[in-house]
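Engineer: I'd like to ask some things about the structure below.
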Amino acid sequence: MRHRSNTALKRKSLLTAKVLRWYRKNGRQLPWRNEDDPYRVLVSEVMLQQTQVSRVLTKYPRFLKRFPSLRRLTNAKTSDVIKAWEGMGYNNRALRLQRLAVTVLDEHRGRIPGNIQELEALPGIGRYTAHALACFSFGQQVPVVDTNIKRVLTRLRSPQSRRPAPKEEDIWDLAESLLPRQHSHDWNQALMDLGATICTAAQPKCDRCPLVDLCPSAYRVSRRTRAAKKPEPGRDGIPNRIYRGRTIQALRELKTPGGMTRTALARKIKPNFTSVDRRWSESLLRRLQKDGLIRIRAGNRISLPE
DNA sequence: AATGCGTGGCT
DNA sequence: TAGCCAAGCAT
């Protein structure tokens, strides 16, 4: 810290004070913020990967009621875990969550590890989630960088008009340097709230931002000219991931045991299915099978994995 | 390193 | 209203 100037230090303490004050008054009340049990925090963080708070709010309590502990999750049928994941999207996360539970039981005596390196080695846990668990569950004074915090810090660091976007590592370094020791939990949560509710991507509400006086990007966020994204692979203009989702959903809704035939399934997910779609449909199923999301049984019937 | 991976609300 | 996009991760 010796290299930092006094003005920089003052700026930091002013910044953190403003954010923490704003958070105390305006922070959202979210159920997982009152949790420190690693399993319960883990479930929330995995659910929140690329998924809005509003969606997680409705699914989180139901999932925990169904799988109240890591051990209960390991003992569950995978098909039930996938069913409980309904409405969440990115079904691979449900699989990885259960695989994580099994890994923790086998390799960590059922205790979710508290250090970042071991966390990051677990299935479905990347840099963000590892740091989130370390901070929110284990009380470590470490930064967290998600898409919200990345946006807030990027705008705070330099005028938004000036580009290109900073490197990922620079953002983590900046987050580390701003961390108010002993307040990391609230600070990280506060920055995420700020990004989600005020410093939003499209139309930031600078008039309501506690940092408006400190932010070089205030009222200067221009509309993004996005490079047109390459269309995803799909069929009839519909991305494959949509058909994958429909496939899993159809199998969730199937009440009778024994699975569905390929043809019945194909017609269900693609109403105008014809024989020319056979090859495409087969490759779709193959990938789902490879991911472990479906089982193709002898007798050619498809179901969720046990 | 670029791409694949859900879902449903919002504009 | 058709397209955009949201607490990332794995390969």
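Naming works like this for the structure tokens: A, B, ... for the chains as they're shown, residue 1 at the start of each chain, ligands 1 onward in shown order.
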Mind listing as a PyMOL selection string which residues of chain A are within 9 Å of chain B, counting only C-alpha atoms (C1' of nucleotides)?
Structural biologist: chain A and resi 51+87-92+232+241-242+244-245
Engineer: Please check the contacts: residues of chain A at most 9 Å away from chain C, using only C-alpha atoms (C1' of nucleotides), listed as a PyMOL selection string.
Structural biologist: chain A and resi 45-53+93+123-129+146-148+192
Engineer: Kindly save the residues from that selection, with N, CA and C atoms included, as a PDB file, in the first residue's frame.
Structural biologist:
ATOM      1  N   GLU A  45     -25.227 -20.247  -5.733  1.00  0.00           N
ATOM      2  CA  GLU A  45     -24.244 -19.728  -6.686  1.00  0.00           C
ATOM      3  C   GLU A  45     -24.303 -20.466  -8.021  1.00  0.00           C
ATOM      4  N   VAL A  46     -24.497 -21.760  -7.974  1.00  0.00           N
ATOM      5  CA  VAL A  46     -24.603 -22.504  -9.227  1.00  0.00           C
ATOM      6  C   VAL A  46     -25.879 -22.090  -9.963  1.00  0.00           C
ATOM      7  N   MET A  47     -26.951 -21.928  -9.219  1.00  0.00           N
ATOM      8  CA  MET A  47     -28.196 -21.490  -9.854  1.00  0.00           C
ATOM      9  C   MET A  47     -28.049 -20.102 -10.473  1.00  0.00           C
ATOM     10  N   LEU A  48     -27.227 -19.274  -9.862  1.00  0.00           N
ATOM     11  CA  LEU A  48     -27.104 -17.892 -10.323  1.00  0.00           C
ATOM     12  C   LEU A  48     -26.144 -17.730 -11.499  1.00  0.00           C
ATOM     13  N   GLN A  49     -25.485 -18.818 -11.871  1.00  0.00           N
ATOM     14  CA  GLN A  49     -24.582 -18.718 -13.027  1.00  0.00           C
ATOM     15  C   GLN A  49     -25.388 -18.401 -14.284  1.00  0.00           C
ATOM     16  N   GLN A  50     -25.204 -17.224 -14.808  1.00  0.00           N
ATOM     17  CA  GLN A  50     -25.889 -16.811 -16.044  1.00  0.00           C
ATOM     18  C   GLN A  50     -27.405 -16.814 -15.908  1.00  0.00           C
ATOM     19  N   THR A  51     -27.888 -16.664 -14.705  1.00  0.00           N
ATOM     20  CA  THR A  51     -29.323 -16.760 -14.477  1.00  0.00           C
ATOM     21  C   THR A  51     -29.781 -15.657 -13.529  1.00  0.00           C
ATOM     22  N   GLN A  52     -30.884 -15.010 -13.891  1.00  0.00           N
ATOM     23  CA  GLN A  52     -31.342 -13.859 -13.127  1.00  0.00           C
ATOM     24  C   GLN A  52     -31.814 -14.243 -11.740  1.00  0.00           C
ATOM     25  N   VAL A  53     -31.629 -13.292 -10.827  1.00  0.00           N
ATOM     26  CA  VAL A  53     -32.056 -13.467  -9.443  1.00  0.00           C
ATOM     27  C   VAL A  53     -33.540 -13.823  -9.367  1.00  0.00           C
ATOM     28  N   ARG A  93     -25.805 -27.838 -15.572  1.00  0.00           N
ATOM     29  CA  ARG A  93     -25.454 -27.405 -14.218  1.00  0.00           C
ATOM     30  C   ARG A  93     -25.993 -28.358 -13.164  1.00  0.00           C
ATOM     31  N   PRO A 123     -16.255 -29.945 -10.255  1.00  0.00           N
ATOM     32  CA  PRO A 123     -17.054 -29.782 -11.476  1.00  0.00           C
ATOM     33  C   PRO A 123     -18.101 -28.671 -11.329  1.00  0.00           C
ATOM     34  N   GLY A 124     -18.129 -27.793 -12.326  1.00  0.00           N
ATOM     35  CA  GLY A 124     -19.113 -26.714 -12.316  1.00  0.00           C
ATOM     36  C   GLY A 124     -18.680 -25.481 -11.553  1.00  0.00           C
ATOM     37  N   ILE A 125     -17.492 -25.542 -10.925  1.00  0.00           N
ATOM     38  CA  ILE A 125     -16.987 -24.399 -10.177  1.00  0.00           C
ATOM     39  C   ILE A 125     -15.845 -23.752 -10.939  1.00  0.00           C
ATOM     40  N   GLY A 126     -16.036 -22.523 -11.363  1.00  0.00           N
ATOM     41  CA  GLY A 126     -14.988 -21.768 -12.022  1.00  0.00           C
ATOM     42  C   GLY A 126     -14.456 -20.686 -11.100  1.00  0.00           C
ATOM     43  N   ARG A 127     -13.798 -19.731 -11.679  1.00  0.00           N
ATOM     44  CA  ARG A 127     -13.157 -18.709 -10.872  1.00  0.00           C
ATOM     45  C   ARG A 127     -14.170 -17.892 -10.068  1.00  0.00           C
ATOM     46  N   TYR A 128     -15.225 -17.485 -10.717  1.00  0.00           N
ATOM     47  CA  TYR A 128     -16.234 -16.686 -10.014  1.00  0.00           C
ATOM     48  C   TYR A 128     -16.818 -17.459  -8.818  1.00  0.00           C
ATOM     49  N   THR A 129     -17.329 -18.645  -9.093  1.00  0.00           N
ATOM     50  CA  THR A 129     -18.044 -19.389  -8.053  1.00  0.00           C
ATOM     51  C   THR A 129     -17.103 -19.777  -6.908  1.00  0.00           C
ATOM     52  N   ASP A 146     -18.066 -10.921 -11.203  1.00  0.00           N
ATOM     53  CA  ASP A 146     -19.068 -11.482 -12.099  1.00  0.00           C
ATOM     54  C   ASP A 146     -19.363 -10.424 -13.168  1.00  0.00           C
ATOM     55  N   THR A 147     -20.343 -10.679 -13.994  1.00  0.00           N
ATOM     56  CA  THR A 147     -20.605  -9.753 -15.090  1.00  0.00           C
ATOM     57  C   THR A 147     -21.038  -8.374 -14.581  1.00  0.00           C
ATOM     58  N   ASN A 148     -21.751  -8.336 -13.460  1.00  0.00           N
ATOM     59  CA  ASN A 148     -22.173  -7.048 -12.894  1.00  0.00           C
ATOM     60  C   ASN A 148     -20.990  -6.248 -12.395  1.00  0.00           C
ATOM     61  N   MET A 192     -22.536  -6.184  -6.741  1.00  0.00           N
ATOM     62  CA  MET A 192     -23.425  -6.946  -7.629  1.00  0.00           C
ATOM     63  C   MET A 192     -24.806  -6.315  -7.684  1.00  0.00           C
TER      64      MET A 192
END
Engineer: If DSSP is run on the backbone, what residues of range 193-242 of chain A are helix (DSSP H, G or I)? A reply as a list in words would be ideal.
Structural biologist: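 Restricting range 193-242 of chain A to helix (DSSP H, G or I) produces Asp193, Leu194, Gly195, Ala196, Thr197, Cys206, Asp207, Arg208, Asn240, Arg241 and Ile242 of chain A.
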Engineer: I need the chosen residues saved as a PDB file, in the first residue's frame, with N, CA and C atoms.
Structural biologist:
ATOM      1  N   ASP A 193     -25.295  -5.870  -6.536  1.00  0.00           N
ATOM      2  CA  ASP A 193     -26.592  -5.187  -6.524  1.00  0.00           C
ATOM      3  C   ASP A 193     -26.547  -3.901  -7.329  1.00  0.00           C
ATOM      4  N   LEU A 194     -25.460  -3.185  -7.159  1.00  0.00           N
ATOM      5  CA  LEU A 194     -25.309  -1.937  -7.897  1.00  0.00           C
ATOM      6  C   LEU A 194     -25.334  -2.203  -9.402  1.00  0.00           C
ATOM      7  N   GLY A 195     -24.620  -3.206  -9.822  1.00  0.00           N
ATOM      8  CA  GLY A 195     -24.587  -3.542 -11.237  1.00  0.00           C
ATOM      9  C   GLY A 195     -25.923  -4.039 -11.753  1.00  0.00           C
ATOM     10  N   ALA A 196     -26.634  -4.772 -10.909  1.00  0.00           N
ATOM     11  CA  ALA A 196     -27.885  -5.386 -11.352  1.00  0.00           C
ATOM     12  C   ALA A 196     -29.042  -4.385 -11.370  1.00  0.00           C
ATOM     13  N   THR A 197     -28.982  -3.386 -10.501  1.00  0.00           N
ATOM     14  CA  THR A 197     -30.142  -2.499 -10.379  1.00  0.00           C
ATOM     15  C   THR A 197     -29.875  -1.063 -10.837  1.00  0.00           C
ATOM     16  N   CYS A 206     -27.757   6.464 -13.845  1.00  0.00           N
ATOM     17  CA  CYS A 206     -26.716   7.273 -13.204  1.00  0.00           C
ATOM     18  C   CYS A 206     -27.310   8.284 -12.222  1.00  0.00           C
ATOM     19  N   ASP A 207     -28.535   8.715 -12.466  1.00  0.00           N
ATOM     20  CA  ASP A 207     -29.159   9.705 -11.583  1.00  0.00           C
ATOM     21  C   ASP A 207     -29.438   9.129 -10.200  1.00  0.00           C
ATOM     22  N   ARG A 208     -29.408   7.808 -10.085  1.00  0.00           N
ATOM     23  CA  ARG A 208     -29.659   7.197  -8.773  1.00  0.00           C
ATOM     24  C   ARG A 208     -28.418   6.515  -8.223  1.00  0.00           C
ATOM     25  N   ASN A 240     -30.055 -25.327 -31.710  1.00  0.00           N
ATOM     26  CA  ASN A 240     -30.082 -26.677 -31.146  1.00  0.00           C
ATOM     27  C   ASN A 240     -30.355 -26.684 -29.647  1.00  0.00           C
ATOM     28  N   ARG A 241     -29.856 -25.650 -28.977  1.00  0.00           N
ATOM     29  CA  ARG A 241     -30.038 -25.663 -27.524  1.00  0.00           C
ATOM     30  C   ARG A 241     -31.518 -25.627 -27.143  1.00  0.00           C
ATOM     31  N   ILE A 242     -32.316 -25.010 -28.018  1.00  0.00           N
ATOM     32  CA  ILE A 242     -33.753 -24.986 -27.760  1.00  0.00           C
ATOM     33  C   ILE A 242     -34.338 -26.389 -27.885  1.00  0.00           C
TER      34      ILE A 242
END
Engineer: Report, in Å to a single decimal, how far apart CA of Ala190 in chain A and CA of Pro204 in chain A are.
Structural biologist: 16.0 Å
Engineer: I'd like the interatomic distance between CA of Ala84 in chain A and CA of Phe138 in chain A, to a tenth of an Å.
Structural biologist: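 These atoms are spaced 26.9 Å apart.
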Engineer: Within 10 Å of Val144 in chain A, counting only C-alpha atoms (C1' of nucleotides), which residues show up once you throw out same-chain ones fewer than 2 positions away? Write them as a compact mmCIF listing (two decimals) with all heavy atoms, in the first residue's frame, please.
Structural biologist:
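Output contents, as saved in result-v2.txt:
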# COMPACT_ATOMS: atom_id res chain seq x y z
N ARG A 127 -13.80 -19.73 -11.68
CA ARG A 127 -13.16 -18.71 -10.87
C ARG A 127 -14.17 -17.89 -10.07
O ARG A 127 -13.98 -17.63 -8.88
CB ARG A 127 -12.35 -17.78 -11.78
CG ARG A 127 -11.43 -16.86 -11.03
CD ARG A 127 -10.55 -16.07 -11.96
NE ARG A 127 -9.55 -15.30 -11.23
CZ ARG A 127 -8.65 -14.50 -11.82
NH1 ARG A 127 -8.64 -14.38 -13.13
NH2 ARG A 127 -7.78 -13.84 -11.08
N TYR A 128 -15.23 -17.48 -10.72
CA TYR A 128 -16.23 -16.69 -10.01
C TYR A 128 -16.82 -17.46 -8.82
O TYR A 128 -16.83 -16.97 -7.69
CB TYR A 128 -17.39 -16.26 -10.95
CG TYR A 128 -18.58 -15.84 -10.14
CD1 TYR A 128 -18.59 -14.61 -9.49
CD2 TYR A 128 -19.65 -16.71 -9.91
CE1 TYR A 128 -19.63 -14.24 -8.67
CE2 TYR A 128 -20.70 -16.35 -9.09
CZ TYR A 128 -20.69 -15.11 -8.48
OH TYR A 128 -21.71 -14.76 -7.65
N THR A 129 -17.33 -18.65 -9.09
CA THR A 129 -18.04 -19.39 -8.05
C THR A 129 -17.10 -19.78 -6.91
O THR A 129 -17.51 -19.78 -5.74
CB THR A 129 -18.71 -20.63 -8.65
OG1 THR A 129 -19.51 -20.24 -9.78
CG2 THR A 129 -19.61 -21.32 -7.64
N ALA A 130 -15.86 -20.10 -7.23
CA ALA A 130 -14.90 -20.43 -6.19
C ALA A 130 -14.69 -19.24 -5.25
O ALA A 130 -14.70 -19.39 -4.02
CB ALA A 130 -13.57 -20.86 -6.82
N HIS A 131 -14.52 -18.07 -5.83
CA HIS A 131 -14.32 -16.88 -5.00
C HIS A 131 -15.61 -16.53 -4.23
O HIS A 131 -15.55 -16.09 -3.08
CB HIS A 131 -13.88 -15.70 -5.86
CG HIS A 131 -12.42 -15.75 -6.23
ND1 HIS A 131 -11.92 -16.62 -7.17
CD2 HIS A 131 -11.36 -15.05 -5.76
CE1 HIS A 131 -10.61 -16.45 -7.27
NE2 HIS A 131 -10.24 -15.51 -6.43
N ALA A 132 -16.74 -16.71 -4.87
CA ALA A 132 -18.02 -16.41 -4.21
C ALA A 132 -18.19 -17.30 -2.97
O ALA A 132 -18.58 -16.82 -1.90
CB ALA A 132 -19.18 -16.61 -5.18
N LEU A 133 -17.90 -18.58 -3.11
CA LEU A 133 -18.02 -19.49 -1.96
C LEU A 133 -17.02 -19.12 -0.88
O LEU A 133 -17.36 -19.10 0.31
CB LEU A 133 -17.81 -20.93 -2.42
CG LEU A 133 -19.05 -21.66 -2.91
CD1 LEU A 133 -18.68 -22.92 -3.65
CD2 LEU A 133 -19.95 -21.99 -1.72
N ALA A 134 -15.79 -18.86 -1.29
CA ALA A 134 -14.75 -18.51 -0.32
C ALA A 134 -15.19 -17.28 0.49
O ALA A 134 -15.00 -17.24 1.71
CB ALA A 134 -13.44 -18.23 -1.03
N CYS A 135 -15.76 -16.32 -0.20
CA CYS A 135 -16.15 -15.09 0.49
C CYS A 135 -17.47 -15.23 1.24
O CYS A 135 -17.55 -14.92 2.42
CB CYS A 135 -16.26 -13.96 -0.53
SG CYS A 135 -16.75 -12.38 0.22
N PHE A 136 -18.49 -15.69 0.57
CA PHE A 136 -19.84 -15.66 1.14
C PHE A 136 -20.10 -16.76 2.15
O PHE A 136 -20.94 -16.62 3.03
CB PHE A 136 -20.89 -15.73 0.02
CG PHE A 136 -20.76 -14.61 -0.98
CD1 PHE A 136 -21.03 -14.82 -2.32
CD2 PHE A 136 -20.36 -13.34 -0.57
CE1 PHE A 136 -20.92 -13.79 -3.25
CE2 PHE A 136 -20.24 -12.30 -1.49
CZ PHE A 136 -20.51 -12.53 -2.82
N GLN A 141 -11.53 -12.82 2.84
CA GLN A 141 -11.51 -11.46 2.31
C GLN A 141 -10.93 -11.48 0.89
O GLN A 141 -9.78 -11.13 0.66
CB GLN A 141 -10.69 -10.56 3.23
CG GLN A 141 -11.18 -10.57 4.68
CD GLN A 141 -12.60 -10.03 4.81
OE1 GLN A 141 -12.90 -8.93 4.36
NE2 GLN A 141 -13.49 -10.80 5.42
N VAL A 142 -11.75 -11.96 -0.03
CA VAL A 142 -11.31 -12.08 -1.42
C VAL A 142 -12.32 -11.38 -2.33
O VAL A 142 -13.50 -11.27 -2.01
CB VAL A 142 -11.17 -13.55 -1.85
CG1 VAL A 142 -10.06 -14.23 -1.07
CG2 VAL A 142 -12.49 -14.30 -1.67
N ASP A 146 -18.07 -10.92 -11.20
CA ASP A 146 -19.07 -11.48 -12.10
C ASP A 146 -19.36 -10.42 -13.17
O ASP A 146 -18.70 -9.39 -13.22
CB ASP A 146 -20.34 -11.85 -11.33
CG ASP A 146 -21.14 -10.63 -10.97
OD1 ASP A 146 -20.51 -9.57 -10.72
OD2 ASP A 146 -22.37 -10.68 -10.95
N ILE A 149 -20.16 -6.90 -11.60
CA ILE A 149 -19.01 -6.22 -11.01
C ILE A 149 -18.03 -5.80 -12.09
O ILE A 149 -17.45 -4.72 -12.04
CB ILE A 149 -18.35 -7.11 -9.94
CG1 ILE A 149 -19.33 -7.32 -8.77
CG2 ILE A 149 -17.04 -6.51 -9.46
CD1 ILE A 149 -18.79 -8.12 -7.62
N LYS A 150 -17.87 -6.65 -13.08
CA LYS A 150 -16.98 -6.31 -14.19
C LYS A 150 -17.44 -5.02 -14.87
O LYS A 150 -16.65 -4.13 -15.17
CB LYS A 150 -16.96 -7.45 -15.21
CG LYS A 150 -15.98 -7.23 -16.34
CD LYS A 150 -16.08 -8.33 -17.39
CE LYS A 150 -15.93 -9.71 -16.78
NZ LYS A 150 -16.01 -10.77 -17.81
N ILE A 171 -9.25 -6.53 -14.26
CA ILE A 171 -10.45 -6.32 -13.45
C ILE A 171 -10.32 -7.01 -12.10
O ILE A 171 -10.68 -6.46 -11.06
CB ILE A 171 -11.69 -6.84 -14.20
CG1 ILE A 171 -11.91 -6.03 -15.48
CG2 ILE A 171 -12.92 -6.76 -13.32
CD1 ILE A 171 -12.23 -4.59 -15.25
N TRP A 172 -9.80 -8.22 -12.12
CA TRP A 172 -9.59 -8.93 -10.85
C TRP A 172 -8.60 -8.16 -9.96
O TRP A 172 -8.79 -8.06 -8.75
CB TRP A 172 -9.10 -10.37 -11.09
CG TRP A 172 -10.21 -11.31 -11.44
CD1 TRP A 172 -10.65 -11.62 -12.69
CD2 TRP A 172 -11.04 -12.04 -10.53
NE1 TRP A 172 -11.71 -12.52 -12.61
CE2 TRP A 172 -11.96 -12.80 -11.30
CE3 TRP A 172 -11.10 -12.15 -9.13
CZ2 TRP A 172 -12.93 -13.64 -10.73
CZ3 TRP A 172 -12.05 -12.99 -8.56
CH2 TRP A 172 -12.95 -13.71 -9.36
N ALA A 175 -10.43 -5.20 -8.57
CA ALA A 175 -11.35 -5.65 -7.52
C ALA A 175 -10.59 -5.95 -6.23
O ALA A 175 -11.03 -5.60 -5.13
CB ALA A 175 -12.13 -6.88 -7.99
N GLU A 176 -9.44 -6.58 -6.38
CA GLU A 176 -8.61 -6.89 -5.22
C GLU A 176 -8.15 -5.61 -4.52
O GLU A 176 -8.17 -5.50 -3.29
CB GLU A 176 -7.39 -7.71 -5.68
CG GLU A 176 -6.28 -7.86 -4.65
CD GLU A 176 -6.65 -8.86 -3.56
OE1 GLU A 176 -7.24 -9.90 -3.91
OE2 GLU A 176 -6.34 -8.60 -2.38
N LEU A 179 -10.91 -3.84 -2.43
CA LEU A 179 -11.56 -4.62 -1.37
C LEU A 179 -11.40 -3.97 0.00
O LEU A 179 -10.28 -3.78 0.47
CB LEU A 179 -10.92 -6.02 -1.35
CG LEU A 179 -11.74 -7.19 -0.85
CD1 LEU A 179 -12.99 -7.38 -1.70
CD2 LEU A 179 -10.89 -8.45 -0.87
N SER A 184 -15.65 -7.60 3.06
CA SER A 184 -15.68 -8.15 1.70
C SER A 184 -17.05 -8.71 1.32
O SER A 184 -17.50 -8.54 0.19
CB SER A 184 -14.63 -9.24 1.56
OG SER A 184 -13.35 -8.70 1.76
N HIS A 185 -17.67 -9.39 2.26
CA HIS A 185 -18.96 -10.00 1.96
C HIS A 185 -19.96 -8.94 1.49
O HIS A 185 -20.49 -9.03 0.37
CB HIS A 185 -19.50 -10.73 3.20
CG HIS A 185 -20.80 -11.44 2.98
ND1 HIS A 185 -22.00 -10.78 2.78
CD2 HIS A 185 -21.09 -12.76 2.93
CE1 HIS A 185 -22.97 -11.67 2.62
NE2 HIS A 185 -22.45 -12.88 2.69
N TRP A 187 -19.41 -5.88 0.65
CA TRP A 187 -18.87 -5.12 -0.48
C TRP A 187 -19.14 -5.84 -1.80
O TRP A 187 -19.64 -5.25 -2.75
CB TRP A 187 -17.37 -4.91 -0.28
CG TRP A 187 -16.64 -4.42 -1.48
CD1 TRP A 187 -15.81 -5.14 -2.29
CD2 TRP A 187 -16.65 -3.09 -2.02
NE1 TRP A 187 -15.30 -4.35 -3.29
CE2 TRP A 187 -15.81 -3.09 -3.15
CE3 TRP A 187 -17.30 -1.91 -1.66
CZ2 TRP A 187 -15.59 -1.95 -3.93
CZ3 TRP A 187 -17.08 -0.77 -2.43
CH2 TRP A 187 -16.24 -0.80 -3.56
N ASN A 188 -18.83 -7.12 -1.84
CA ASN A 188 -19.05 -7.88 -3.07
C ASN A 188 -20.54 -7.96 -3.42
O ASN A 188 -20.93 -7.80 -4.58
CB ASN A 188 -18.45 -9.28 -2.94
CG ASN A 188 -16.93 -9.26 -2.99
OD1 ASN A 188 -16.33 -8.41 -3.65
ND2 ASN A 188 -16.30 -10.20 -2.29
N GLN A 189 -21.33 -8.21 -2.40
CA GLN A 189 -22.78 -8.25 -2.64
C GLN A 189 -23.28 -6.89 -3.11
O GLN A 189 -24.13 -6.79 -4.00
CB GLN A 189 -23.53 -8.66 -1.36
CG GLN A 189 -23.24 -10.07 -0.88
CD GLN A 189 -23.96 -11.15 -1.66
OE1 GLN A 189 -24.71 -10.88 -2.59
NE2 GLN A 189 -23.74 -12.41 -1.27
N LEU A 191 -21.66 -4.51 -4.73
CA LEU A 191 -21.29 -4.23 -6.12
C LEU A 191 -22.18 -4.98 -7.09
O LEU A 191 -22.52 -4.47 -8.16
CB LEU A 191 -19.82 -4.59 -6.36
CG LEU A 191 -18.76 -3.60 -5.87
CD1 LEU A 191 -17.39 -4.03 -6.36
CD2 LEU A 191 -19.08 -2.18 -6.31
N MET A 192 -22.54 -6.18 -6.74
CA MET A 192 -23.43 -6.95 -7.63
C MET A 192 -24.81 -6.32 -7.68
O MET A 192 -25.42 -6.22 -8.75
CB MET A 192 -23.50 -8.41 -7.18
CG MET A 192 -22.24 -9.18 -7.53
SD MET A 192 -22.41 -10.96 -7.45
CE MET A 192 -22.21 -11.23 -5.71
